[in-house]
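Shown here: model12.csv, CSV, C-alpha atoms and all ligand atoms.
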chain,number,residue,atom,x,y,z
A,149,MET,CA,121.8,110.0,93.3
A,150,LYS,CA,123.9,110.2,96.5
A,151,LYS,CA,120.7,110.9,98.5
A,152,LEU,CA,118.9,108.0,96.9
A,153,LEU,CA,121.8,105.6,97.7
A,154,HIS,CA,121.7,106.9,101.3
A,155,ILE,CA,118.0,106.1,101.6
A,156,VAL,CA,118.5,102.7,100.1
A,157,LEU,CA,121.3,101.8,102.5
A,158,LEU,CA,119.6,103.2,105.5
A,159,THR,CA,116.5,101.2,104.7
A,160,LEU,CA,118.5,98.0,104.2
A,161,LEU,CA,120.1,98.5,107.6
A,162,THR,CA,117.1,99.4,109.6
A,163,SER,CA,114.4,96.9,108.6
A,164,THR,CA,114.7,93.4,109.8
A,165,SER,CA,112.7,90.7,108.1
A,166,LEU,CA,110.3,89.6,105.4
A,167,HIS,CA,106.8,88.8,106.7
A,168,ALA,CA,105.6,85.3,106.3
A,169,GLU,CA,102.1,85.8,107.7
A,170,GLN,CA,100.8,89.1,106.4
A,171,LEU,CA,102.2,90.5,103.2
A,172,VAL,CA,103.5,93.8,102.2
A,173,ILE,CA,103.1,94.4,98.4
A,174,ALA,CA,105.1,97.3,97.0
A,175,HIS,CA,102.5,99.0,94.8
A,176,ARG,CA,104.1,100.1,91.5
A,177,GLY,CA,107.4,99.8,93.5
A,178,ALA,CA,108.3,102.4,96.2
A,179,SER,CA,106.0,104.7,94.2
A,180,GLY,CA,105.5,107.1,97.2
A,181,TYR,CA,109.2,108.1,96.8
A,182,LEU,CA,110.1,107.6,93.1
A,183,PRO,CA,108.1,107.7,89.9
A,184,GLU,CA,105.9,104.6,89.7
A,185,HIS,CA,107.1,101.5,87.8
A,186,THR,CA,110.6,102.8,87.1
A,187,LEU,CA,113.4,100.4,87.9
A,188,ALA,CA,114.7,102.9,90.4
A,189,ALA,CA,111.3,102.7,92.3
A,190,LYS,CA,111.6,98.9,92.2
A,191,ALA,CA,115.2,98.8,93.5
A,192,LEU,CA,114.2,101.2,96.3
A,193,ALA,CA,111.2,99.0,97.1
A,194,TYR,CA,113.4,96.0,97.1
A,195,ALA,CA,115.6,97.6,99.7
A,196,MET,CA,112.6,98.1,101.9
A,197,LYS,CA,112.1,94.3,102.0
A,198,PRO,CA,108.4,93.9,101.1
A,199,ASP,CA,107.2,90.4,100.3
A,200,TYR,CA,106.2,91.2,96.7
A,201,ILE,CA,106.8,94.0,94.2
A,202,GLU,CA,103.9,94.8,91.8
A,203,GLN,CA,104.1,95.1,88.0
A,204,ASP,CA,101.3,96.5,85.9
A,205,VAL,CA,101.8,95.1,82.4
A,206,VAL,CA,100.7,96.3,78.9
A,207,MET,CA,101.8,95.4,75.4
A,208,THR,CA,103.6,97.4,72.7
A,209,LYS,CA,102.8,97.5,69.0
A,210,ASP,CA,105.6,95.0,68.4
A,211,ASP,CA,104.4,92.6,71.1
A,212,HIS,CA,106.8,93.4,73.9
A,213,LEU,CA,105.5,93.5,77.5
A,214,VAL,CA,106.3,96.7,79.3
A,215,VAL,CA,105.6,97.7,82.9
A,216,LEU,CA,103.2,100.6,82.9
A,217,HIS,CA,100.0,101.3,84.8
A,218,ASP,CA,97.8,102.6,82.1
A,219,HIS,CA,97.5,101.3,78.6
A,220,TYR,CA,98.2,105.0,77.7
A,221,LEU,CA,101.6,106.6,77.9
A,222,ASP,CA,100.6,110.2,78.5
A,223,ARG,CA,100.1,110.3,82.3
A,224,VAL,CA,103.7,109.6,83.1
A,225,THR,CA,105.8,110.4,80.1
A,226,ASP,CA,106.7,113.2,77.6
A,227,VAL,CA,105.0,111.3,74.7
A,228,ALA,CA,102.8,114.2,73.8
A,229,GLU,CA,105.8,116.4,73.3
A,230,ARG,CA,107.9,113.8,71.5
A,231,PHE,CA,105.2,112.3,69.2
A,232,PRO,CA,102.5,115.0,69.0
A,233,ASP,CA,100.7,113.5,66.0
A,234,ARG,CA,100.4,110.0,67.4
A,235,ALA,CA,97.3,110.4,69.7
A,236,ARG,CA,94.1,108.6,68.9
A,237,GLN,CA,90.8,110.5,68.4
A,238,ASP,CA,90.2,110.6,72.1
A,239,GLY,CA,93.5,112.5,72.6
A,240,ARG,CA,95.3,109.7,74.4
A,241,PHE,CA,98.6,108.1,73.4
A,242,TYR,CA,98.2,104.3,73.5
A,243,ALA,CA,101.2,102.1,74.3
A,244,ILE,CA,99.9,99.6,71.8
A,245,ASP,CA,100.5,102.1,69.0
A,246,PHE,CA,104.2,102.5,69.8
A,247,THR,CA,107.1,100.1,69.3
A,248,LEU,CA,109.4,99.2,72.2
A,249,ALA,CA,112.2,101.2,70.6
A,250,GLU,CA,110.0,104.3,70.6
A,251,ILE,CA,108.8,103.7,74.1
A,252,LYS,CA,112.3,103.4,75.3
A,253,THR,CA,113.1,106.9,74.1
A,254,LEU,CA,110.4,108.4,76.4
A,255,ARG,CA,111.2,110.2,79.7
A,256,VAL,CA,109.2,109.0,82.7
A,257,THR,CA,108.1,111.3,85.5
A,258,GLU,CA,105.6,111.4,88.4
A,259,GLY,CA,102.0,111.0,87.3
A,260,PHE,CA,100.4,114.2,86.2
A,261,ASN,CA,97.1,115.8,84.9
A,262,LEU,CA,96.8,118.7,82.6
A,263,ASP,CA,95.3,121.9,84.0
A,264,GLU,CA,93.0,124.2,82.0
A,265,GLN,CA,96.0,125.9,80.5
A,266,GLY,CA,97.4,122.5,79.4
A,267,GLN,CA,100.2,122.6,82.1
A,268,ALA,CA,101.2,119.4,83.7
A,269,VAL,CA,100.3,119.3,87.4
A,270,ALA,CA,101.6,116.4,89.6
A,271,VAL,CA,98.8,114.2,91.0
A,272,PHE,CA,100.8,113.9,94.3
A,273,PRO,CA,102.6,117.3,94.8
A,274,SER,CA,104.6,116.1,97.7
A,275,ARG,CA,106.2,113.2,95.8
A,276,PHE,CA,109.3,113.1,93.6
A,277,PRO,CA,109.8,116.4,91.7
A,278,MET,CA,108.5,116.3,88.1
A,279,TRP,CA,111.0,115.7,85.3
A,280,HIS,CA,113.8,115.3,87.8
A,281,ALA,CA,116.5,112.7,87.1
A,282,ASP,CA,116.2,110.3,84.1
A,283,PHE,CA,113.8,107.4,84.2
A,284,THR,CA,112.5,105.1,81.4
A,285,ILE,CA,109.8,102.5,81.0
A,286,PRO,CA,111.1,98.9,81.7
A,287,THR,CA,110.1,95.7,80.1
A,288,LEU,CA,108.6,93.0,82.2
A,289,ALA,CA,111.7,90.9,81.6
A,290,GLU,CA,114.0,93.6,82.7
A,291,GLU,CA,112.1,94.1,85.9
A,292,ILE,CA,112.0,90.4,86.7
A,293,GLU,CA,115.8,90.2,86.1
A,294,LEU,CA,116.3,93.1,88.5
A,295,ILE,CA,114.3,91.4,91.2
A,296,GLN,CA,115.8,88.0,90.7
A,297,GLY,CA,119.3,89.5,90.5
A,298,LEU,CA,118.8,91.2,93.8
A,299,ASN,CA,117.4,88.0,95.3
A,300,HIS,CA,120.7,86.4,94.2
A,301,THR,CA,123.0,89.1,95.5
A,302,LEU,CA,121.1,89.9,98.7
A,303,GLY,CA,119.8,86.5,99.5
A,304,TYR,CA,116.1,87.5,100.1
A,305,ASP,CA,113.2,85.8,98.3
A,306,ILE,CA,111.1,88.7,97.2
A,307,GLY,CA,108.3,87.8,94.8
A,308,ILE,CA,106.6,89.5,91.9
A,309,TYR,CA,102.9,90.4,91.6
A,310,PRO,CA,102.1,91.2,87.9
A,311,GLU,CA,98.8,92.6,86.8
A,312,ILE,CA,97.6,92.0,83.3
A,313,LYS,CA,96.2,95.5,82.4
A,314,ALA,CA,93.0,95.7,80.3
A,315,PRO,CA,93.1,92.3,78.7
A,316,TRP,CA,89.7,93.1,77.1
A,317,PHE,CA,91.3,96.0,75.3
A,318,HIS,CA,94.3,94.0,74.2
A,319,ARG,CA,92.0,91.2,72.9
A,320,HIS,CA,90.0,93.8,71.0
A,321,GLU,CA,93.3,95.0,69.4
A,322,GLY,CA,94.1,91.4,68.4
A,323,LYS,CA,96.8,90.8,71.1
A,324,ASP,CA,96.8,87.9,73.5
A,325,ILE,CA,98.6,89.7,76.4
A,326,SER,CA,97.8,86.9,78.9
A,327,LYS,CA,99.6,84.2,76.9
A,328,ALA,CA,102.6,86.5,76.5
A,329,VAL,CA,102.7,87.3,80.3
A,330,LEU,CA,102.4,83.6,81.2
A,331,ASN,CA,105.2,82.8,78.7
A,332,THR,CA,107.5,85.3,80.4
A,333,LEU,CA,106.6,84.0,83.8
A,334,LYS,CA,107.3,80.5,82.8
A,335,ASN,CA,110.7,81.5,81.2
A,336,TYR,CA,111.7,83.0,84.5
A,337,GLY,CA,110.7,80.0,86.6
A,338,TYR,CA,107.3,81.1,87.9
A,339,GLN,CA,105.2,78.0,87.3
A,340,THR,CA,103.5,76.6,90.4
A,341,LYS,CA,101.7,77.9,93.4
A,342,LYS,CA,104.9,77.4,95.4
A,343,ASP,CA,106.7,80.0,93.3
A,344,LYS,CA,106.7,83.6,94.6
A,345,VAL,CA,104.2,85.1,92.2
A,346,TYR,CA,100.6,86.2,92.2
A,347,LEU,CA,99.0,87.0,88.9
A,348,GLN,CA,96.2,89.6,89.1
A,349,SER,CA,93.6,91.1,86.8
A,350,PHE,CA,90.4,93.1,87.1
A,351,ASP,CA,88.9,91.1,84.1
A,352,PRO,CA,87.0,88.1,85.4
A,353,ILE,CA,86.4,86.7,82.0
A,354,GLU,CA,90.2,86.7,81.3
A,355,LEU,CA,91.1,85.4,84.7
A,356,LYS,CA,88.8,82.5,84.2
A,357,ARG,CA,90.2,81.8,80.8
A,358,ILE,CA,93.7,81.8,82.4
A,359,HIS,CA,92.6,79.4,85.0
A,360,ASP,CA,90.6,77.0,82.8
A,361,GLN,CA,92.6,77.1,79.6
A,362,LEU,CA,95.9,78.8,79.5
A,363,LEU,CA,97.5,77.5,82.7
A,364,PRO,CA,96.6,73.8,82.1
A,365,ASN,CA,97.7,74.1,78.4
A,366,MET,CA,101.1,75.6,79.5
A,367,ASN,CA,101.5,73.1,82.4
A,368,MET,CA,101.4,75.9,84.9
A,369,ASP,CA,99.5,76.4,88.1
A,370,ILE,CA,100.2,79.8,89.7
A,371,ARG,CA,98.2,81.8,92.2
A,372,LEU,CA,95.6,84.1,90.7
A,373,VAL,CA,94.0,87.2,92.2
A,374,GLN,CA,90.7,88.7,91.1
A,375,LEU,CA,90.8,92.5,91.5
A,376,ILE,CA,87.5,94.0,92.3
A,377,ALA,CA,86.3,97.4,90.9
A,378,HIS,CA,83.0,99.2,91.0
A,379,THR,CA,81.2,98.9,87.7
A,380,ASP,CA,81.1,102.7,87.1
A,381,TRP,CA,84.9,102.9,87.1
A,382,ASN,CA,84.8,101.4,83.6
A,383,GLU,CA,87.9,99.3,84.7
A,384,THR,CA,86.8,96.3,82.6
A,385,MET,CA,84.8,96.7,79.4
A,386,VAL,CA,82.9,94.2,77.3
A,387,TYR,CA,82.9,94.6,73.5
A,388,GLN,CA,79.9,93.7,71.3
A,389,GLY,CA,81.2,94.6,67.9
A,390,GLN,CA,82.7,98.1,68.3
A,391,THR,CA,80.5,99.0,71.2
A,392,ALA,CA,82.0,98.6,74.7
A,393,THR,CA,80.0,98.5,77.9
A,394,PRO,CA,81.2,98.3,81.5
A,395,TYR,CA,81.5,94.9,83.0
A,396,ASP,CA,79.0,94.6,85.9
A,397,TYR,CA,80.9,93.7,89.1
A,398,GLN,CA,77.8,93.6,91.3
A,399,TRP,CA,77.6,89.8,91.5
A,400,MET,CA,81.0,89.7,93.2
A,401,PHE,CA,79.8,91.4,96.4
A,402,SER,CA,77.8,88.4,97.5
A,403,GLU,CA,78.4,85.2,99.3
A,404,ASP,CA,77.7,83.2,96.2
A,405,GLY,CA,79.9,85.6,94.2
A,406,MET,CA,82.9,84.9,96.3
A,407,LYS,CA,82.3,81.2,96.1
A,408,LYS,CA,82.3,81.6,92.3
A,409,VAL,CA,85.5,83.6,92.3
A,410,ALA,CA,87.1,80.8,94.5
A,411,GLN,CA,86.5,78.4,91.7
A,412,TYR,CA,89.1,80.1,89.5
A,413,ALA,CA,91.2,82.4,91.8
A,414,ASP,CA,93.2,82.1,95.0
A,415,GLY,CA,92.5,85.5,96.3
A,416,ILE,CA,90.8,88.9,95.8
A,417,GLY,CA,92.2,92.4,95.6
A,418,PRO,CA,89.4,94.7,96.7
A,419,TRP,CA,89.5,98.5,97.1
A,420,MET,CA,90.0,99.5,100.7
A,421,PRO,CA,86.5,100.9,101.4
A,422,MET,CA,85.0,97.6,100.0
A,423,LEU,CA,86.3,96.0,103.2
A,424,VAL,CA,86.1,98.8,105.8
A,425,ASP,CA,83.1,101.0,105.2
A,426,ASN,CA,83.8,104.8,105.0
A,427,SER,CA,81.0,105.3,107.6
A,428,SER,CA,83.4,103.8,110.2
A,429,THR,CA,84.8,105.8,113.0
A,430,LYS,CA,88.0,105.1,114.9
A,431,SER,CA,86.1,103.5,117.7
A,432,ASN,CA,83.5,101.7,115.5
A,433,ILE,CA,85.1,100.0,112.5
A,434,VAL,CA,82.5,98.6,110.2
A,435,ILE,CA,83.8,95.6,108.3
A,436,ASN,CA,81.8,95.0,105.2
A,437,PRO,CA,80.3,91.5,104.4
A,438,LEU,CA,82.6,91.0,101.4
A,439,MET,CA,85.5,90.3,103.9
A,440,HIS,CA,83.5,87.5,105.5
A,441,TYR,CA,82.3,86.1,102.2
A,442,ALA,CA,85.9,86.0,100.9
A,443,ARG,CA,87.1,84.3,104.1
A,444,ASP,CA,84.3,81.7,104.0
A,445,ALA,CA,85.2,80.9,100.4
A,446,GLY,CA,88.8,80.3,101.4
A,447,LEU,CA,90.1,83.3,99.4
A,448,GLU,CA,93.2,85.4,100.4
A,449,VAL,CA,92.4,89.1,100.7
A,450,HIS,CA,94.9,91.8,99.5
A,451,PRO,CA,93.3,95.3,99.4
A,452,TYR,CA,94.6,98.3,97.6
A,453,THR,CA,96.0,101.0,97.8
A,454,PHE,CA,97.4,102.3,101.1
A,455,ARG,CA,98.9,105.8,100.6
A,456,ALA,CA,100.4,108.1,103.2
A,457,ASP,CA,100.1,111.3,101.2
A,458,PRO,CA,98.2,114.3,102.5
A,459,GLY,CA,94.4,113.7,101.8
A,460,ARG,CA,94.8,110.0,101.3
A,461,ILE,CA,94.2,108.8,104.8
A,462,ALA,CA,90.8,107.0,105.3
A,463,PRO,CA,88.1,109.3,106.8
A,464,TRP,CA,87.9,107.1,110.0
A,465,ALA,CA,91.7,107.1,110.6
A,466,GLU,CA,94.0,109.7,112.0
A,467,SER,CA,97.2,108.4,110.5
A,468,PHE,CA,98.6,105.9,108.0
A,469,ASP,CA,99.5,103.6,110.9
A,470,ASP,CA,95.8,103.7,112.0
A,471,MET,CA,94.9,102.3,108.6
A,472,LEU,CA,97.5,99.6,108.9
A,473,GLU,CA,96.4,98.8,112.4
A,474,VAL,CA,92.8,98.3,111.4
A,475,PHE,CA,93.5,96.3,108.2
A,476,TYR,CA,96.3,94.1,109.5
A,477,HIS,CA,95.0,93.6,113.1
A,478,GLN,CA,91.2,94.0,113.0
A,479,VAL,CA,90.2,93.1,109.5
A,480,LYS,CA,93.1,90.6,109.4
A,481,VAL,CA,93.9,90.9,105.7
A,482,ASP,CA,96.5,88.5,104.3
A,483,GLY,CA,98.4,91.4,102.7
A,484,LEU,CA,98.0,94.9,101.3
A,485,PHE,CA,99.2,97.0,98.4
A,486,THR,CA,101.0,100.2,99.5
A,487,ASP,CA,103.0,103.0,97.8
A,488,PHE,CA,105.0,103.2,101.0
A,489,PRO,CA,106.3,99.7,101.6
A,490,ASP,CA,108.8,100.9,104.2
A,491,LYS,CA,106.0,102.1,106.5
A,492,ALA,CA,104.1,98.8,106.3
A,493,VAL,CA,107.3,96.8,106.9
A,494,LYS,CA,108.2,98.9,109.9
A,495,PHE,CA,104.6,98.6,111.2
A,496,LEU,CA,104.7,94.8,111.0
A,497,ASP,CA,108.2,94.7,112.5
A,498,ARG,CA,106.8,96.5,115.6
B,1,LIG,O1,96.6,95.8,91.5
B,1,LIG,C1,96.2,96.3,92.7
B,1,LIG,C2,96.0,97.7,92.5
B,1,LIG,O2,97.2,98.2,91.9
B,1,LIG,C3,94.8,98.0,91.6
B,1,LIG,O3,94.8,99.3,91.3
B,1,LIG,O4,94.8,100.8,89.4
B,1,LIG,O5,96.7,100.7,90.9
B,1,LIG,O6,96.3,98.9,89.3
B,1,LIG,P1,95.7,99.9,90.2
B,2,CA,CA,97.9,97.2,89.7
Can you turn what I pasted into structure tokens?
Amino acid sequence: MKKLLHIVLLTLLTSTSLHAEQLVIAHRGASGYLPEHTLAAKALAYAMKPDYIEQDVVMTKDDHLVVLHDHYLDRVTDVAERFPDRARQDGRFYAIDFTLAEIKTLRVTEGFNLDEQGQAVAVFPSRFPMWHADFTIPTLAEEIELIQGLNHTLGYDIGIYPEIKAPWFHRHEGKDISKAVLNTLKNYGYQTKKDKVYLQSFDPIELKRIHDQLLPNMNMDIRLVQLIAHTDWNETMVYQGQTATPYDYQWMFSEDGMKKVAQYADGIGPWMPMLVDNSSTKSNIVINPLMHYARDAGLEVHPYTFRADPGRIAPWAESFDDMLEVFYHQVKVDGLFTDFPDKAVKFLDR
């Protein structure tokens, strides 16, 4: 704890400003340093002075909104040990099958996979040690109160960047997660495009519904960001009866596609290689047409996810700073999602 406090104070004292022109978005908090989406990771991110802090949001059985990347609990908690008979047939433990009270009893750790022996192996071995310290899953309201409280005590104006996770799944389970997220945002004063919030989703059908129906009905008008996936990631599914098929994203990668997105969204969140082709070399950066189409359509561009861990540097870059240099200065993105917000803030300060 002493070490954590030291890092927080040091970061506060050494970075200088928020960035009005190009944004730093703390992806799942300062998730390069502390387990993703814990309040500790959000407090540490705050101290690094990004412009926005991200929340992935899913719904519990009793309709609470919690900040969790997957709609499963098993990648980052001890749910399998604590509730061994609560997995669905696919072996996963769904947040939507647990009450908030149950979820609050779970311990959170660094993300892990199970090896062939069923042992948990950290996805990022150089990150925070597994099962160290004591972390829990926050609600969306708790996290907003933390950020707004720090805005009050420290005097910065750091925004929030919630993502509605798998709305297609929640809809199929009979839950209107989008309405619940918008209600929470409204309750905490995020109502117009001037407020420091971007609301993101991978699901174009839901984002369009939010733009066309929910926002006007709720007298709200906040900025929306269309996240872009490749179809075969199965990020968004479309149900016909009980059969789900992957949503086809191909139309988005065209000039006309970006114009269509601009009719309901203010920006896009593409995966890094969708903008800078992996065939690039350091001396020949190939910027893909999607970037130009988005610009021409008047969309903001916030790519994900910039990671400094070993093995996560783009093939055309020698360092994390090389990646930032290309995306901020050559591609000229409006902002980017990073697990290491301190590094992006320092880069922009320089
Ligand atoms: O929301 C931007 C980025 O976070 C998208 O990827 O999977 O980390 O939510 P994911
Ligand atoms: Ca996200």
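Counting all atoms listed in the file, the residue from A:Ala235, A:Ala193, A:Ala174, A:Ala462 that sits nearest to ligand LIG 1 (chain B) is A:Ala174.
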Q: Residues within 12 Å of ligand CA 2 (chain B) should be enumerated using only C-alpha atoms and all ligand atoms and returned as JSON, numbers by chain.
A: {"A": [173, 174, 175, 176, 177, 179, 184, 185, 201, 202, 203, 204, 205, 206, 215, 216, 217, 218, 219, 308, 309, 310, 311, 312, 313, 314, 346, 347, 348, 349, 350, 373, 374, 375, 376, 377, 383, 417, 418, 419, 450, 451, 452, 453, 484, 485, 486, 487]}
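Compared by their closest atoms to ligand LIG 1 (chain B), and using all atoms listed in the file, the residues A:Thr384, A:Gln265, A:Leu330, A:Ala191 rank with A:Thr384 nearest.
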Q | Proximity to ligand LIG 1 (chain B) - best of A:Ile306, A:Tyr200, A:Met366, A:Glu321, only C-alpha atoms and all ligand atoms | A | A:Tyr200
Would you give me, as CSV, each residue of range 267-343 of chain A having an atom within 10 Å of an atom of range 356-364 of chain A, along with its shortest atom pair and that distance in Å to one decimal, using all atoms listed in the file and sorting by chain and residue number?
residue,atom,partner,partner_atom,distance
A:Ser326,CA,A:Ile358,CA,7.4
A:Lys327,CA,A:Leu362,CA,7.0
A:Leu330,CA,A:Leu363,CA,8.0
A:Gln339,CA,A:Leu363,CA,9.0
A:Thr340,CA,A:Leu363,CA,9.8
Q. Which residues come within 8 Å of Val224 in chain A, counting all atoms listed in the file, excluding same-chain residues fewer than 5 positions away, as a list of chain:residue names?
A. A:Val256, A:Thr257, A:Glu258, A:Gly259, A:Phe260
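The smallest atom-to-atom distance between ligand LIG 1 (chain B) and any of A:Arg255, A:His378, A:His318, A:His280, using all atoms listed in the file, is found for A:His378.
The shell of residues at most 10 Å from Ala410 in chain A, with all atoms listed in the file counted and near chain neighbours (fewer than 3 positions) removed, consists of Leu372, Val373, Gln374, Asp404, Gly405, Met406, Lys407, Ala413, Asp414, Gly415, Ile416, Ala442, Asp444, Ala445, Gly446, Leu447 and Glu448 of chain A.
For the choices A:Ala465, A:Leu294, A:Ala456, A:Leu182, the atom-to-atom distance to Phe276 in chain A is smallest for A:Leu182 when using all atoms listed in the file.
Comparing the minimum interatomic distances between ligand LIG 1 (chain B) and each of A:Ser467, A:Gln267, A:Asn432, A:Asn382, counting all atoms listed in the file, we find that A:Asn382 sits nearest.
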With 6 Å added on each side, what axis-aligned box encloses every listed atom of ligand LIG 1 (chain B)? Give the centre and edge lengths in Å to one decimal, as AutoDock Vina command-line options.
--center_x 96.0 --center_y 98.3 --center_z 91.0 --size_x 14.4 --size_y 17.0 --size_z 15.4
May I have the protein, DNA and RNA residues with any atom at most 6 Å from the point (103.5, 113.5, 92.6), counting all atoms listed in the file, written as a PDB file with C-alpha atoms, in the frame of the given file?
ATOM      1  CA  GLU A 258     105.600 111.400  88.400  1.00  0.00           C
ATOM      2  CA  ALA A 270     101.600 116.400  89.600  1.00  0.00           C
ATOM      3  CA  VAL A 271      98.800 114.200  91.000  1.00  0.00           C
ATOM      4  CA  PHE A 272     100.800 113.900  94.300  1.00  0.00           C
ATOM      5  CA  PRO A 273     102.600 117.300  94.800  1.00  0.00           C
ATOM      6  CA  SER A 274     104.600 116.100  97.700  1.00  0.00           C
ATOM      7  CA  ARG A 275     106.200 113.200  95.800  1.00  0.00           C
ATOM      8  CA  PHE A 276     109.300 113.100  93.600  1.00  0.00           C
TER       9      PHE A 276
END
Q: With a distance cut-off of 10 Å and all atoms listed in the file, select the neighbouring residues of Tyr194 in chain A, excluding the residue or stretch itself and same-chain residues fewer than 5 positions from it, and output the selection as number ranges by chain.
A: A: 156, 159-160, 174, 177-178, 188-189, 199-201, 294-295, 298-299, 302, 304, 306-307, 489-490
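Coordinates place CA of His440 in chain A at a distance of 17.7 Å from CA of Tyr397 in chain A.
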Because some atoms of range 366-372 of chain A are absent here, can you restore all heavy atoms and send them as a compact mmCIF listing (two decimals), keeping the file's coordinate frame?
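Here's the written file rebuild_27.txt:
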# COMPACT_ATOMS: atom_id res chain seq x y z
N MET A 366 99.63 75.26 79.42
CA MET A 366 101.10 75.60 79.50
C MET A 366 101.73 74.84 80.67
O MET A 366 102.86 75.13 81.04
CB MET A 366 101.22 77.10 79.72
CG MET A 366 100.75 77.89 78.52
SD MET A 366 100.82 79.67 78.78
CE MET A 366 102.58 79.95 78.71
N ASN A 367 101.00 73.88 81.24
CA ASN A 367 101.50 73.10 82.40
C ASN A 367 101.98 74.00 83.51
O ASN A 367 103.06 73.84 84.07
CB ASN A 367 102.70 72.22 81.85
CG ASN A 367 102.98 71.10 82.81
OD1 ASN A 367 102.09 70.73 83.60
ND2 ASN A 367 104.20 70.57 82.78
N MET A 368 101.14 74.96 83.80
CA MET A 368 101.40 75.90 84.90
C MET A 368 100.26 75.89 85.88
O MET A 368 99.15 75.53 85.52
CB MET A 368 101.59 77.34 84.35
CG MET A 368 102.79 77.55 83.47
SD MET A 368 102.75 79.19 82.71
CE MET A 368 103.22 80.26 84.07
N ASP A 369 100.55 76.30 87.11
CA ASP A 369 99.50 76.40 88.10
C ASP A 369 99.88 77.42 89.16
O ASP A 369 100.25 77.07 90.27
CB ASP A 369 99.27 75.00 88.76
CG ASP A 369 98.12 75.03 89.74
OD1 ASP A 369 97.24 75.88 89.59
OD2 ASP A 369 98.14 74.20 90.69
N ILE A 370 99.82 78.70 88.77
CA ILE A 370 100.20 79.80 89.70
C ILE A 370 99.02 80.39 90.37
O ILE A 370 97.90 80.19 89.94
CB ILE A 370 101.06 80.85 88.95
CG1 ILE A 370 100.24 81.44 87.81
CG2 ILE A 370 102.40 80.29 88.47
CD1 ILE A 370 100.92 82.63 87.14
N ARG A 371 99.29 81.16 91.45
CA ARG A 371 98.20 81.80 92.20
C ARG A 371 97.59 82.96 91.43
O ARG A 371 98.34 83.77 90.88
CB ARG A 371 98.68 82.21 93.57
CG ARG A 371 99.00 81.03 94.47
CD ARG A 371 99.69 81.46 95.73
NE ARG A 371 100.99 82.06 95.44
CZ ARG A 371 101.86 82.42 96.38
NH1 ARG A 371 101.57 82.25 97.65
NH2 ARG A 371 103.02 82.96 96.04
N LEU A 372 96.27 83.01 91.43
CA LEU A 372 95.60 84.10 90.70
C LEU A 372 94.76 84.94 91.67
O LEU A 372 94.20 84.43 92.65
CB LEU A 372 94.60 83.45 89.67
CG LEU A 372 95.22 82.53 88.62
CD1 LEU A 372 94.13 81.94 87.73
CD2 LEU A 372 96.27 83.26 87.79
